[in-house]
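J.: You'll find protein-v2.txt just under this line, and it carries compact mmCIF, N, CA and C atoms.
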# COMPACT_ATOMS: atom_id res chain seq x y z
N MET A 248 23.82 97.02 134.66
CA MET A 248 23.67 97.11 136.09
C MET A 248 25.02 97.19 136.78
N ASP A 249 25.82 96.16 136.69
CA ASP A 249 27.07 96.07 137.43
C ASP A 249 28.06 95.36 136.54
N ARG A 250 29.28 95.83 136.51
CA ARG A 250 30.26 95.13 135.70
C ARG A 250 31.06 94.19 136.60
N PRO A 251 31.45 93.02 136.08
CA PRO A 251 32.21 92.08 136.90
C PRO A 251 33.55 92.67 137.33
N VAL A 252 33.98 92.31 138.51
CA VAL A 252 35.26 92.75 139.02
C VAL A 252 36.30 91.76 138.51
N GLU A 253 37.45 92.25 138.09
CA GLU A 253 38.52 91.38 137.62
C GLU A 253 38.96 90.46 138.76
N HIS A 254 39.20 89.18 138.46
CA HIS A 254 39.53 88.20 139.49
C HIS A 254 41.02 88.12 139.82
N GLU A 255 41.87 88.56 138.89
CA GLU A 255 43.31 88.44 139.10
C GLU A 255 43.77 89.27 140.29
N ASP A 256 44.41 88.62 141.24
CA ASP A 256 44.99 89.29 142.39
C ASP A 256 44.00 90.22 143.09
N LEU A 257 42.75 89.83 143.15
CA LEU A 257 41.73 90.67 143.77
C LEU A 257 41.83 90.59 145.29
N ASP A 258 42.00 91.73 145.91
CA ASP A 258 41.96 91.83 147.36
C ASP A 258 40.54 92.20 147.72
N LEU A 259 39.78 91.27 148.26
CA LEU A 259 38.38 91.51 148.55
C LEU A 259 38.15 92.69 149.48
N LEU A 260 39.12 92.97 150.35
CA LEU A 260 38.96 94.03 151.32
C LEU A 260 39.69 95.32 150.92
N ALA A 261 40.04 95.46 149.66
CA ALA A 261 40.73 96.66 149.20
C ALA A 261 39.82 97.89 149.32
N HIS A 262 38.59 97.76 148.89
CA HIS A 262 37.62 98.88 148.96
C HIS A 262 36.23 98.28 149.08
N VAL A 263 35.70 98.25 150.28
CA VAL A 263 34.40 97.63 150.49
C VAL A 263 33.29 98.67 150.54
N LEU A 264 32.15 98.29 150.02
CA LEU A 264 30.94 99.10 150.11
C LEU A 264 30.12 98.52 151.24
N LEU A 265 29.77 99.36 152.21
CA LEU A 265 29.03 98.92 153.40
C LEU A 265 27.66 99.59 153.43
N PRO A 266 26.61 98.89 152.95
CA PRO A 266 25.26 99.47 153.02
C PRO A 266 24.79 99.56 154.48
N VAL A 267 24.22 100.70 154.85
CA VAL A 267 23.74 100.90 156.22
C VAL A 267 22.33 101.49 156.18
N ALA A 268 21.50 101.08 157.14
CA ALA A 268 20.10 101.50 157.16
C ALA A 268 19.87 102.69 158.08
N ASP A 269 20.54 102.70 159.23
CA ASP A 269 20.36 103.77 160.21
C ASP A 269 21.58 103.79 161.11
N LYS A 270 21.57 104.67 162.10
CA LYS A 270 22.73 104.85 162.98
C LYS A 270 23.10 103.56 163.70
N GLU A 271 22.12 102.89 164.27
CA GLU A 271 22.38 101.65 165.01
C GLU A 271 22.95 100.57 164.10
N ASP A 272 22.33 100.40 162.94
CA ASP A 272 22.79 99.41 161.98
C ASP A 272 24.20 99.75 161.49
N ALA A 273 24.47 101.03 161.26
CA ALA A 273 25.78 101.46 160.79
C ALA A 273 26.86 101.14 161.81
N LEU A 274 26.60 101.44 163.06
CA LEU A 274 27.59 101.19 164.10
C LEU A 274 27.83 99.70 164.28
N SER A 275 26.77 98.91 164.31
CA SER A 275 26.95 97.47 164.49
C SER A 275 27.61 96.83 163.27
N SER A 276 27.28 97.31 162.06
CA SER A 276 27.90 96.77 160.85
C SER A 276 29.38 97.14 160.79
N ALA A 277 29.69 98.39 161.07
CA ALA A 277 31.09 98.82 161.06
C ALA A 277 31.90 98.09 162.12
N THR A 278 31.32 97.89 163.29
CA THR A 278 32.01 97.17 164.37
C THR A 278 32.25 95.72 163.96
N ALA A 279 31.29 95.10 163.28
CA ALA A 279 31.46 93.73 162.82
C ALA A 279 32.53 93.63 161.72
N LEU A 280 32.66 94.69 160.93
CA LEU A 280 33.65 94.71 159.85
C LEU A 280 35.06 95.01 160.35
N GLU A 281 35.18 95.75 161.42
CA GLU A 281 36.48 96.24 161.91
C GLU A 281 37.55 95.16 162.06
N PRO A 282 37.27 93.99 162.63
CA PRO A 282 38.33 92.98 162.79
C PRO A 282 38.96 92.51 161.48
N TYR A 283 38.26 92.71 160.37
CA TYR A 283 38.77 92.25 159.07
C TYR A 283 39.68 93.29 158.41
N GLN A 284 39.78 94.45 158.98
CA GLN A 284 40.70 95.52 158.58
C GLN A 284 40.69 95.81 157.08
N PRO A 285 39.55 96.26 156.55
CA PRO A 285 39.53 96.62 155.13
C PRO A 285 40.42 97.83 154.88
N ASP A 286 40.98 97.91 153.68
CA ASP A 286 41.85 99.03 153.33
C ASP A 286 41.05 100.33 153.22
N HIS A 287 39.87 100.25 152.63
CA HIS A 287 39.05 101.44 152.41
C HIS A 287 37.57 101.07 152.52
N VAL A 288 36.78 101.94 153.14
CA VAL A 288 35.35 101.69 153.33
C VAL A 288 34.55 102.85 152.75
N THR A 289 33.51 102.52 152.00
CA THR A 289 32.53 103.51 151.59
C THR A 289 31.20 103.07 152.17
N ALA A 290 30.63 103.92 153.02
CA ALA A 290 29.32 103.63 153.60
C ALA A 290 28.24 104.10 152.62
N LEU A 291 27.22 103.28 152.45
CA LEU A 291 26.13 103.59 151.53
C LEU A 291 24.81 103.62 152.27
N HIS A 292 24.05 104.66 152.05
CA HIS A 292 22.68 104.72 152.56
C HIS A 292 21.77 104.93 151.36
N VAL A 293 20.76 104.08 151.23
CA VAL A 293 19.82 104.21 150.12
C VAL A 293 18.54 104.85 150.66
N VAL A 294 18.20 106.00 150.09
CA VAL A 294 16.95 106.67 150.41
C VAL A 294 15.90 106.10 149.47
N GLU A 295 14.88 105.46 150.06
CA GLU A 295 13.84 104.86 149.24
C GLU A 295 12.93 105.94 148.67
N LYS A 296 12.93 106.02 147.34
CA LYS A 296 12.08 106.99 146.63
C LYS A 296 10.87 106.24 146.09
N GLY A 297 9.72 106.88 146.17
CA GLY A 297 8.47 106.25 145.78
C GLY A 297 8.30 106.00 144.30
N GLN A 298 8.86 106.82 143.44
CA GLN A 298 8.71 106.71 141.99
C GLN A 298 7.24 106.54 141.61
N GLY A 299 6.47 107.60 141.82
CA GLY A 299 5.07 107.57 141.46
C GLY A 299 4.14 107.31 142.63
N VAL A 300 4.69 106.89 143.74
CA VAL A 300 3.89 106.70 144.95
C VAL A 300 4.53 107.53 146.05
N PRO A 301 3.79 107.84 147.11
CA PRO A 301 4.37 108.65 148.18
C PRO A 301 5.60 107.99 148.81
N ASP A 302 6.58 108.81 149.16
CA ASP A 302 7.77 108.31 149.82
C ASP A 302 7.42 107.84 151.22
N LYS A 303 8.16 106.83 151.72
CA LYS A 303 7.92 106.31 153.06
C LYS A 303 8.19 107.37 154.12
N THR A 304 9.24 108.14 153.92
CA THR A 304 9.58 109.24 154.83
C THR A 304 9.99 110.43 153.98
N PRO A 305 9.85 111.64 154.51
CA PRO A 305 10.30 112.81 153.74
C PRO A 305 11.80 112.70 153.42
N VAL A 306 12.19 113.16 152.25
CA VAL A 306 13.58 113.06 151.81
C VAL A 306 14.53 113.71 152.81
N ALA A 307 14.17 114.89 153.34
CA ALA A 307 15.05 115.57 154.31
C ALA A 307 15.28 114.70 155.54
N GLN A 308 14.24 114.03 156.00
CA GLN A 308 14.38 113.14 157.16
C GLN A 308 15.28 111.96 156.81
N SER A 309 15.10 111.39 155.63
CA SER A 309 15.94 110.26 155.19
C SER A 309 17.40 110.69 155.05
N GLU A 310 17.63 111.89 154.56
CA GLU A 310 19.00 112.39 154.42
C GLU A 310 19.64 112.61 155.80
N ALA A 311 18.85 113.01 156.78
CA ALA A 311 19.36 113.16 158.15
C ALA A 311 19.74 111.79 158.72
N VAL A 312 18.94 110.78 158.45
CA VAL A 312 19.25 109.41 158.88
C VAL A 312 20.55 108.96 158.21
N ALA A 313 20.71 109.29 156.95
CA ALA A 313 21.93 108.93 156.22
C ALA A 313 23.15 109.56 156.89
N GLU A 314 23.07 110.85 157.21
CA GLU A 314 24.21 111.55 157.82
C GLU A 314 24.54 110.95 159.18
N GLU A 315 23.53 110.63 159.98
CA GLU A 315 23.77 109.98 161.28
C GLU A 315 24.45 108.62 161.08
N SER A 316 24.02 107.91 160.06
CA SER A 316 24.61 106.60 159.75
C SER A 316 26.08 106.74 159.37
N PHE A 317 26.39 107.74 158.53
CA PHE A 317 27.77 107.95 158.11
C PHE A 317 28.65 108.33 159.31
N GLU A 318 28.12 109.15 160.19
CA GLU A 318 28.87 109.53 161.40
C GLU A 318 29.16 108.30 162.26
N ALA A 319 28.21 107.38 162.35
CA ALA A 319 28.42 106.15 163.13
C ALA A 319 29.51 105.29 162.51
N VAL A 320 29.52 105.19 161.18
CA VAL A 320 30.57 104.41 160.51
C VAL A 320 31.93 105.06 160.75
N ARG A 321 31.98 106.40 160.69
CA ARG A 321 33.25 107.10 160.89
C ARG A 321 33.77 106.99 162.34
N MET A 322 32.92 106.58 163.27
CA MET A 322 33.40 106.32 164.63
C MET A 322 34.35 105.12 164.62
N VAL A 323 34.13 104.20 163.71
CA VAL A 323 34.96 102.99 163.59
C VAL A 323 36.00 103.16 162.49
N PHE A 324 35.60 103.75 161.37
CA PHE A 324 36.48 103.97 160.22
C PHE A 324 36.50 105.47 159.91
N PRO A 325 37.38 106.23 160.57
CA PRO A 325 37.39 107.69 160.44
C PRO A 325 37.55 108.20 159.00
N ASP A 326 38.21 107.43 158.15
CA ASP A 326 38.46 107.86 156.77
C ASP A 326 37.41 107.34 155.79
N ALA A 327 36.33 106.75 156.28
CA ALA A 327 35.32 106.18 155.39
C ALA A 327 34.69 107.26 154.51
N ASP A 328 34.45 106.88 153.27
CA ASP A 328 33.72 107.74 152.36
C ASP A 328 32.23 107.49 152.57
N GLU A 329 31.42 108.40 152.05
CA GLU A 329 29.97 108.23 152.14
C GLU A 329 29.37 108.33 150.75
N HIS A 330 28.29 107.61 150.57
CA HIS A 330 27.59 107.61 149.28
C HIS A 330 26.10 107.47 149.58
N THR A 331 25.30 108.36 149.04
CA THR A 331 23.85 108.28 149.20
C THR A 331 23.24 108.01 147.84
N ALA A 332 22.34 107.04 147.81
CA ALA A 332 21.63 106.70 146.57
C ALA A 332 20.14 106.91 146.80
N TYR A 333 19.42 107.20 145.74
CA TYR A 333 17.98 107.42 145.81
C TYR A 333 17.32 106.45 144.84
N SER A 334 16.55 105.50 145.38
CA SER A 334 15.95 104.50 144.52
C SER A 334 14.86 103.74 145.25
N ARG A 335 13.95 103.19 144.51
CA ARG A 335 12.93 102.29 145.08
C ARG A 335 13.50 100.88 145.18
N ASP A 336 14.43 100.56 144.29
CA ASP A 336 15.07 99.24 144.25
C ASP A 336 16.35 99.28 145.08
N ILE A 337 16.26 98.86 146.32
CA ILE A 337 17.39 98.94 147.25
C ILE A 337 18.58 98.11 146.76
N VAL A 338 18.33 96.87 146.38
CA VAL A 338 19.42 95.99 145.94
C VAL A 338 20.06 96.52 144.66
N GLY A 339 19.25 96.98 143.73
CA GLY A 339 19.78 97.57 142.50
C GLY A 339 20.63 98.79 142.79
N ALA A 340 20.19 99.60 143.75
CA ALA A 340 20.96 100.79 144.14
C ALA A 340 22.30 100.39 144.76
N ILE A 341 22.32 99.31 145.52
CA ILE A 341 23.58 98.82 146.10
C ILE A 341 24.53 98.41 144.99
N PHE A 342 24.03 97.66 144.02
CA PHE A 342 24.88 97.23 142.91
C PHE A 342 25.39 98.42 142.11
N ASP A 343 24.52 99.38 141.84
CA ASP A 343 24.92 100.57 141.09
C ASP A 343 26.00 101.35 141.85
N ALA A 344 25.81 101.51 143.16
CA ALA A 344 26.79 102.24 143.97
C ALA A 344 28.13 101.51 144.00
N ALA A 345 28.09 100.19 144.10
CA ALA A 345 29.33 99.41 144.10
C ALA A 345 30.11 99.64 142.81
N ALA A 346 29.40 99.72 141.69
CA ALA A 346 30.05 99.98 140.41
C ALA A 346 30.58 101.42 140.36
N GLU A 347 29.78 102.37 140.86
CA GLU A 347 30.19 103.78 140.82
C GLU A 347 31.47 104.04 141.62
N VAL A 348 31.60 103.40 142.78
CA VAL A 348 32.78 103.63 143.62
C VAL A 348 33.87 102.60 143.35
N ASP A 349 33.62 101.67 142.43
CA ASP A 349 34.56 100.60 142.08
C ASP A 349 34.96 99.79 143.31
N ALA A 350 33.95 99.35 144.05
CA ALA A 350 34.19 98.55 145.25
C ALA A 350 34.72 97.16 144.88
N SER A 351 35.64 96.67 145.69
CA SER A 351 36.15 95.32 145.48
C SER A 351 35.16 94.28 145.97
N ALA A 352 34.29 94.67 146.91
CA ALA A 352 33.27 93.77 147.44
C ALA A 352 32.19 94.58 148.13
N ILE A 353 31.03 93.97 148.24
CA ILE A 353 29.93 94.53 149.02
C ILE A 353 29.92 93.76 150.34
N VAL A 354 29.95 94.48 151.44
CA VAL A 354 29.97 93.85 152.76
C VAL A 354 28.70 94.26 153.49
N TYR A 355 27.96 93.28 154.00
CA TYR A 355 26.73 93.64 154.70
C TYR A 355 26.53 92.74 155.90
N ARG A 356 25.69 93.19 156.77
CA ARG A 356 25.30 92.43 157.95
C ARG A 356 23.80 92.21 157.85
N SER A 357 23.38 90.97 157.82
CA SER A 357 21.97 90.65 157.70
C SER A 357 21.19 91.29 158.84
N ARG A 358 20.04 91.84 158.51
CA ARG A 358 19.22 92.49 159.53
C ARG A 358 18.22 91.52 160.14
N GLY A 359 18.27 90.27 159.71
CA GLY A 359 17.42 89.25 160.31
C GLY A 359 15.95 89.41 159.97
N GLY A 360 15.11 88.96 160.86
CA GLY A 360 13.67 88.98 160.64
C GLY A 360 13.16 87.58 160.37
N ASN A 361 11.91 87.36 160.68
CA ASN A 361 11.35 86.03 160.46
C ASN A 361 11.03 85.84 158.98
N ARG A 362 10.60 84.66 158.62
CA ARG A 362 10.37 84.35 157.20
C ARG A 362 9.28 85.21 156.58
N ILE A 363 8.27 85.56 157.35
CA ILE A 363 7.20 86.40 156.82
C ILE A 363 7.75 87.78 156.48
N VAL A 364 8.55 88.35 157.38
CA VAL A 364 9.16 89.65 157.12
C VAL A 364 10.06 89.57 155.89
N GLN A 365 10.84 88.49 155.79
CA GLN A 365 11.72 88.33 154.63
C GLN A 365 10.91 88.21 153.35
N PHE A 366 9.82 87.48 153.39
CA PHE A 366 8.97 87.32 152.21
C PHE A 366 8.38 88.66 151.79
N LEU A 367 7.85 89.41 152.76
CA LEU A 367 7.22 90.69 152.46
C LEU A 367 8.23 91.72 151.95
N SER A 368 9.46 91.64 152.43
CA SER A 368 10.47 92.61 151.99
C SER A 368 11.16 92.17 150.71
N GLY A 369 10.80 91.00 150.20
CA GLY A 369 11.42 90.51 148.98
C GLY A 369 12.77 89.87 149.25
N ASP A 370 13.07 89.61 150.51
CA ASP A 370 14.32 89.02 150.97
C ASP A 370 15.52 89.61 150.24
N ARG A 371 15.85 90.84 150.61
CA ARG A 371 16.94 91.58 149.99
C ARG A 371 18.27 90.85 150.12
N SER A 372 18.50 90.16 151.24
CA SER A 372 19.76 89.42 151.42
C SER A 372 19.92 88.37 150.33
N LEU A 373 18.85 87.64 150.06
CA LEU A 373 18.91 86.60 149.04
C LEU A 373 19.21 87.20 147.68
N LYS A 374 18.53 88.31 147.34
CA LYS A 374 18.80 88.98 146.06
C LYS A 374 20.23 89.48 146.00
N LEU A 375 20.70 90.01 147.12
CA LEU A 375 22.05 90.57 147.16
C LEU A 375 23.10 89.51 146.88
N ILE A 376 22.96 88.35 147.51
CA ILE A 376 24.02 87.34 147.36
C ILE A 376 23.86 86.47 146.11
N THR A 377 22.66 86.43 145.53
CA THR A 377 22.49 85.56 144.37
C THR A 377 22.55 86.27 143.02
N THR A 378 22.46 87.60 143.03
CA THR A 378 22.45 88.30 141.73
C THR A 378 23.60 89.27 141.55
N ALA A 379 24.49 89.36 142.52
CA ALA A 379 25.62 90.30 142.43
C ALA A 379 26.63 89.82 141.39
N GLU A 380 27.25 90.80 140.75
CA GLU A 380 28.32 90.50 139.80
C GLU A 380 29.69 90.81 140.38
N ARG A 381 29.73 91.06 141.67
CA ARG A 381 30.99 91.24 142.39
C ARG A 381 30.84 90.52 143.71
N PRO A 382 31.93 90.23 144.40
CA PRO A 382 31.85 89.49 145.65
C PRO A 382 30.97 90.19 146.70
N VAL A 383 30.22 89.38 147.43
CA VAL A 383 29.40 89.87 148.54
C VAL A 383 29.85 89.11 149.78
N ILE A 384 30.16 89.85 150.82
CA ILE A 384 30.64 89.27 152.07
C ILE A 384 29.59 89.52 153.14
N ALA A 385 29.09 88.44 153.73
CA ALA A 385 28.11 88.55 154.81
C ALA A 385 28.86 88.50 156.13
N LEU A 386 28.70 89.55 156.92
CA LEU A 386 29.35 89.62 158.24
C LEU A 386 28.53 88.82 159.26
N PRO A 387 29.21 88.20 160.21
CA PRO A 387 28.46 87.46 161.23
C PRO A 387 27.69 88.40 162.14
N ARG A 388 26.53 87.94 162.59
CA ARG A 388 25.75 88.70 163.57
C ARG A 388 26.25 88.30 164.94
N VAL A 389 26.75 89.26 165.69
CA VAL A 389 27.32 88.98 167.01
C VAL A 389 26.37 89.44 168.06
Go ahead and express the file in the form of structure tokens.
T.:
Amino acid sequence: MDRPVEHEDLDLLAHVLLPVADKEDALSSATALEPYQPDHVTALHVVEKGQGVPDKTPVAQSEAVAEESFEAVRMVFPDADEHTAYSRDIVGAIFDAAAEVDASAIVYRSRGGNRIVQFLSGDRSLKLITTAERPVIALPRV
């Protein structure tokens, strides 16, 4: 799944992976990250693929959402890279992308929601912070 990041002299903000859901989330996440001045940012959008069941949205529509999200991140970080993943397992796709781009850390902003929503969604934040093999940084919600 993910290989551990070497701990010696690790700069957590050397190359961060920033998962984003849509344009609004991308802009608010990038804005929350900006004060920490990461050296390099790769924005990630995961297109949920059904894998045997119908997709939630058509792939072309999801790819358009991804492009809008990347444009929003580049409003804050003009040199940000973009990465699109296709998977039913959102958290697994985040870990795989972090390994592919050799991110020093995964940086995310919790999308909130009540406990029922978190339970129904499988509480991705909990999975993200408890099963990662590289540092995960949770940005404050402002």
J.: Which residues of stretch 313-369 of chain A come within 6 Å of stretch 278-290 of chain A, and what is each one's closest atom pair and distance in Å (one decimal), counting all atoms listed in the file, sorted by chain and residue number, as a Markdown table?
T.:
| residue | atom | partner | partner_atom | distance |
| --- | --- | --- | --- | --- |
| A:Ala327 | CA | A:Val288 | C | 4.3 |
| A:Asp328 | C | A:Ala290 | N | 3.9 |
| A:Glu329 | CA | A:Ala290 | N | 4.4 |
| A:His330 | N | A:Ala290 | C | 4.1 |
J.: Generate the output file for the selected residues, N, CA and C atoms, as an mmCIF file, in the coordinates of the input.
T.:
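Result file is again.cif:
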data_model
loop_
_atom_site.group_PDB
_atom_site.id
_atom_site.type_symbol
_atom_site.label_atom_id
_atom_site.label_comp_id
_atom_site.auth_asym_id
_atom_site.auth_seq_id
_atom_site.Cartn_x
_atom_site.Cartn_y
_atom_site.Cartn_z
ATOM 1 N N ALA A 327 36.330 106.750 156.280
ATOM 2 C CA ALA A 327 35.320 106.180 155.390
ATOM 3 C C ALA A 327 34.690 107.260 154.510
ATOM 4 N N ASP A 328 34.450 106.880 153.270
ATOM 5 C CA ASP A 328 33.720 107.740 152.360
ATOM 6 C C ASP A 328 32.230 107.490 152.570
ATOM 7 N N GLU A 329 31.420 108.400 152.050
ATOM 8 C CA GLU A 329 29.970 108.230 152.140
ATOM 9 C C GLU A 329 29.370 108.330 150.750
ATOM 10 N N HIS A 330 28.290 107.610 150.570
ATOM 11 C CA HIS A 330 27.590 107.610 149.280
ATOM 12 C C HIS A 330 26.100 107.470 149.580
#
J.: Point out the residue among A:Leu386, A:Ser372, A:Ala277, A:Ala379 with the least atom-to-atom distance to A:Phe324, counting only C-alpha atoms.
T.: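 Closest residue, counting only C-alpha atoms: A:Ala277.
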J.: List the spatial neighbours of stretch 257-265 of chain A as a ChimeraX atom specification - criterion: any atom at most 8 Å away, only N, CA and C atoms, same-chain residues fewer than 2 positions off excluded.
T.: /A:252-255,267-268,273,276-277,283-292,344-345,348-356,382
J.: What does the distance from atom N of A:Arg335 to atom C of A:Glu295 come to in Å, to one decimal?
T.: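 Computing the Euclidean distance for atom N of A:Arg335 and atom C of A:Glu295 yields 5.1 Å.
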J.: Show which residues sit within 12 Å of A:Ser309, as a VMD selection string. Count only C-alpha atoms, and ignore same-chain residues fewer than 2 positions away.
T.: chain A and resid 268 to 270 292 to 296 302 to 307 311 to 316 331 to 333
J.: Mind writing the picked residues with N, CA and C atoms as a PDB file, in the frame of the given file?
T.:
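Here's the written file out-v3.pdb:
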ATOM      1  N   ALA A 268      21.500 101.080 157.140  1.00  0.00           N
ATOM      2  CA  ALA A 268      20.100 101.500 157.160  1.00  0.00           C
ATOM      3  C   ALA A 268      19.870 102.690 158.080  1.00  0.00           C
ATOM      4  N   ASP A 269      20.540 102.700 159.230  1.00  0.00           N
ATOM      5  CA  ASP A 269      20.360 103.770 160.210  1.00  0.00           C
ATOM      6  C   ASP A 269      21.580 103.790 161.110  1.00  0.00           C
ATOM      7  N   LYS A 270      21.570 104.670 162.100  1.00  0.00           N
ATOM      8  CA  LYS A 270      22.730 104.850 162.980  1.00  0.00           C
ATOM      9  C   LYS A 270      23.100 103.560 163.700  1.00  0.00           C
ATOM     10  N   HIS A 292      24.050 104.660 152.050  1.00  0.00           N
ATOM     11  CA  HIS A 292      22.680 104.720 152.560  1.00  0.00           C
ATOM     12  C   HIS A 292      21.770 104.930 151.360  1.00  0.00           C
ATOM     13  N   VAL A 293      20.760 104.080 151.230  1.00  0.00           N
ATOM     14  CA  VAL A 293      19.820 104.210 150.120  1.00  0.00           C
ATOM     15  C   VAL A 293      18.540 104.850 150.660  1.00  0.00           C
ATOM     16  N   VAL A 294      18.200 106.000 150.090  1.00  0.00           N
ATOM     17  CA  VAL A 294      16.950 106.670 150.410  1.00  0.00           C
ATOM     18  C   VAL A 294      15.900 106.100 149.470  1.00  0.00           C
ATOM     19  N   GLU A 295      14.880 105.460 150.060  1.00  0.00           N
ATOM     20  CA  GLU A 295      13.840 104.860 149.240  1.00  0.00           C
ATOM     21  C   GLU A 295      12.930 105.940 148.670  1.00  0.00           C
ATOM     22  N   LYS A 296      12.930 106.020 147.340  1.00  0.00           N
ATOM     23  CA  LYS A 296      12.080 106.990 146.630  1.00  0.00           C
ATOM     24  C   LYS A 296      10.870 106.240 146.090  1.00  0.00           C
ATOM     25  N   ASP A 302       6.580 108.810 149.160  1.00  0.00           N
ATOM     26  CA  ASP A 302       7.770 108.310 149.820  1.00  0.00           C
ATOM     27  C   ASP A 302       7.420 107.840 151.220  1.00  0.00           C
ATOM     28  N   LYS A 303       8.160 106.830 151.720  1.00  0.00           N
ATOM     29  CA  LYS A 303       7.920 106.310 153.060  1.00  0.00           C
ATOM     30  C   LYS A 303       8.190 107.370 154.120  1.00  0.00           C
ATOM     31  N   THR A 304       9.240 108.140 153.920  1.00  0.00           N
ATOM     32  CA  THR A 304       9.580 109.240 154.830  1.00  0.00           C
ATOM     33  C   THR A 304       9.990 110.430 153.980  1.00  0.00           C
ATOM     34  N   PRO A 305       9.850 111.640 154.510  1.00  0.00           N
ATOM     35  CA  PRO A 305      10.300 112.810 153.740  1.00  0.00           C
ATOM     36  C   PRO A 305      11.800 112.700 153.420  1.00  0.00           C
ATOM     37  N   VAL A 306      12.190 113.160 152.250  1.00  0.00           N
ATOM     38  CA  VAL A 306      13.580 113.060 151.810  1.00  0.00           C
ATOM     39  C   VAL A 306      14.530 113.710 152.810  1.00  0.00           C
ATOM     40  N   ALA A 307      14.170 114.890 153.340  1.00  0.00           N
ATOM     41  CA  ALA A 307      15.050 115.570 154.310  1.00  0.00           C
ATOM     42  C   ALA A 307      15.280 114.700 155.540  1.00  0.00           C
ATOM     43  N   ALA A 311      18.850 113.010 156.780  1.00  0.00           N
ATOM     44  CA  ALA A 311      19.360 113.160 158.150  1.00  0.00           C
ATOM     45  C   ALA A 311      19.740 111.790 158.720  1.00  0.00           C
ATOM     46  N   VAL A 312      18.940 110.780 158.450  1.00  0.00           N
ATOM     47  CA  VAL A 312      19.250 109.410 158.880  1.00  0.00           C
ATOM     48  C   VAL A 312      20.550 108.960 158.210  1.00  0.00           C
ATOM     49  N   ALA A 313      20.710 109.290 156.950  1.00  0.00           N
ATOM     50  CA  ALA A 313      21.930 108.930 156.220  1.00  0.00           C
ATOM     51  C   ALA A 313      23.150 109.560 156.890  1.00  0.00           C
ATOM     52  N   GLU A 314      23.070 110.850 157.210  1.00  0.00           N
ATOM     53  CA  GLU A 314      24.210 111.550 157.820  1.00  0.00           C
ATOM     54  C   GLU A 314      24.540 110.950 159.180  1.00  0.00           C
ATOM     55  N   GLU A 315      23.530 110.630 159.980  1.00  0.00           N
ATOM     56  CA  GLU A 315      23.770 109.980 161.280  1.00  0.00           C
ATOM     57  C   GLU A 315      24.450 108.620 161.080  1.00  0.00           C
ATOM     58  N   SER A 316      24.020 107.910 160.060  1.00  0.00           N
ATOM     59  CA  SER A 316      24.610 106.600 159.750  1.00  0.00           C
ATOM     60  C   SER A 316      26.080 106.740 159.370  1.00  0.00           C
ATOM     61  N   THR A 331      25.300 108.360 149.040  1.00  0.00           N
ATOM     62  CA  THR A 331      23.850 108.280 149.200  1.00  0.00           C
ATOM     63  C   THR A 331      23.240 108.010 147.840  1.00  0.00           C
ATOM     64  N   ALA A 332      22.340 107.040 147.810  1.00  0.00           N
ATOM     65  CA  ALA A 332      21.630 106.700 146.570  1.00  0.00           C
ATOM     66  C   ALA A 332      20.140 106.910 146.800  1.00  0.00           C
ATOM     67  N   TYR A 333      19.420 107.200 145.740  1.00  0.00           N
ATOM     68  CA  TYR A 333      17.980 107.420 145.810  1.00  0.00           C
ATOM     69  C   TYR A 333      17.320 106.450 144.840  1.00  0.00           C
TER      70      TYR A 333
END
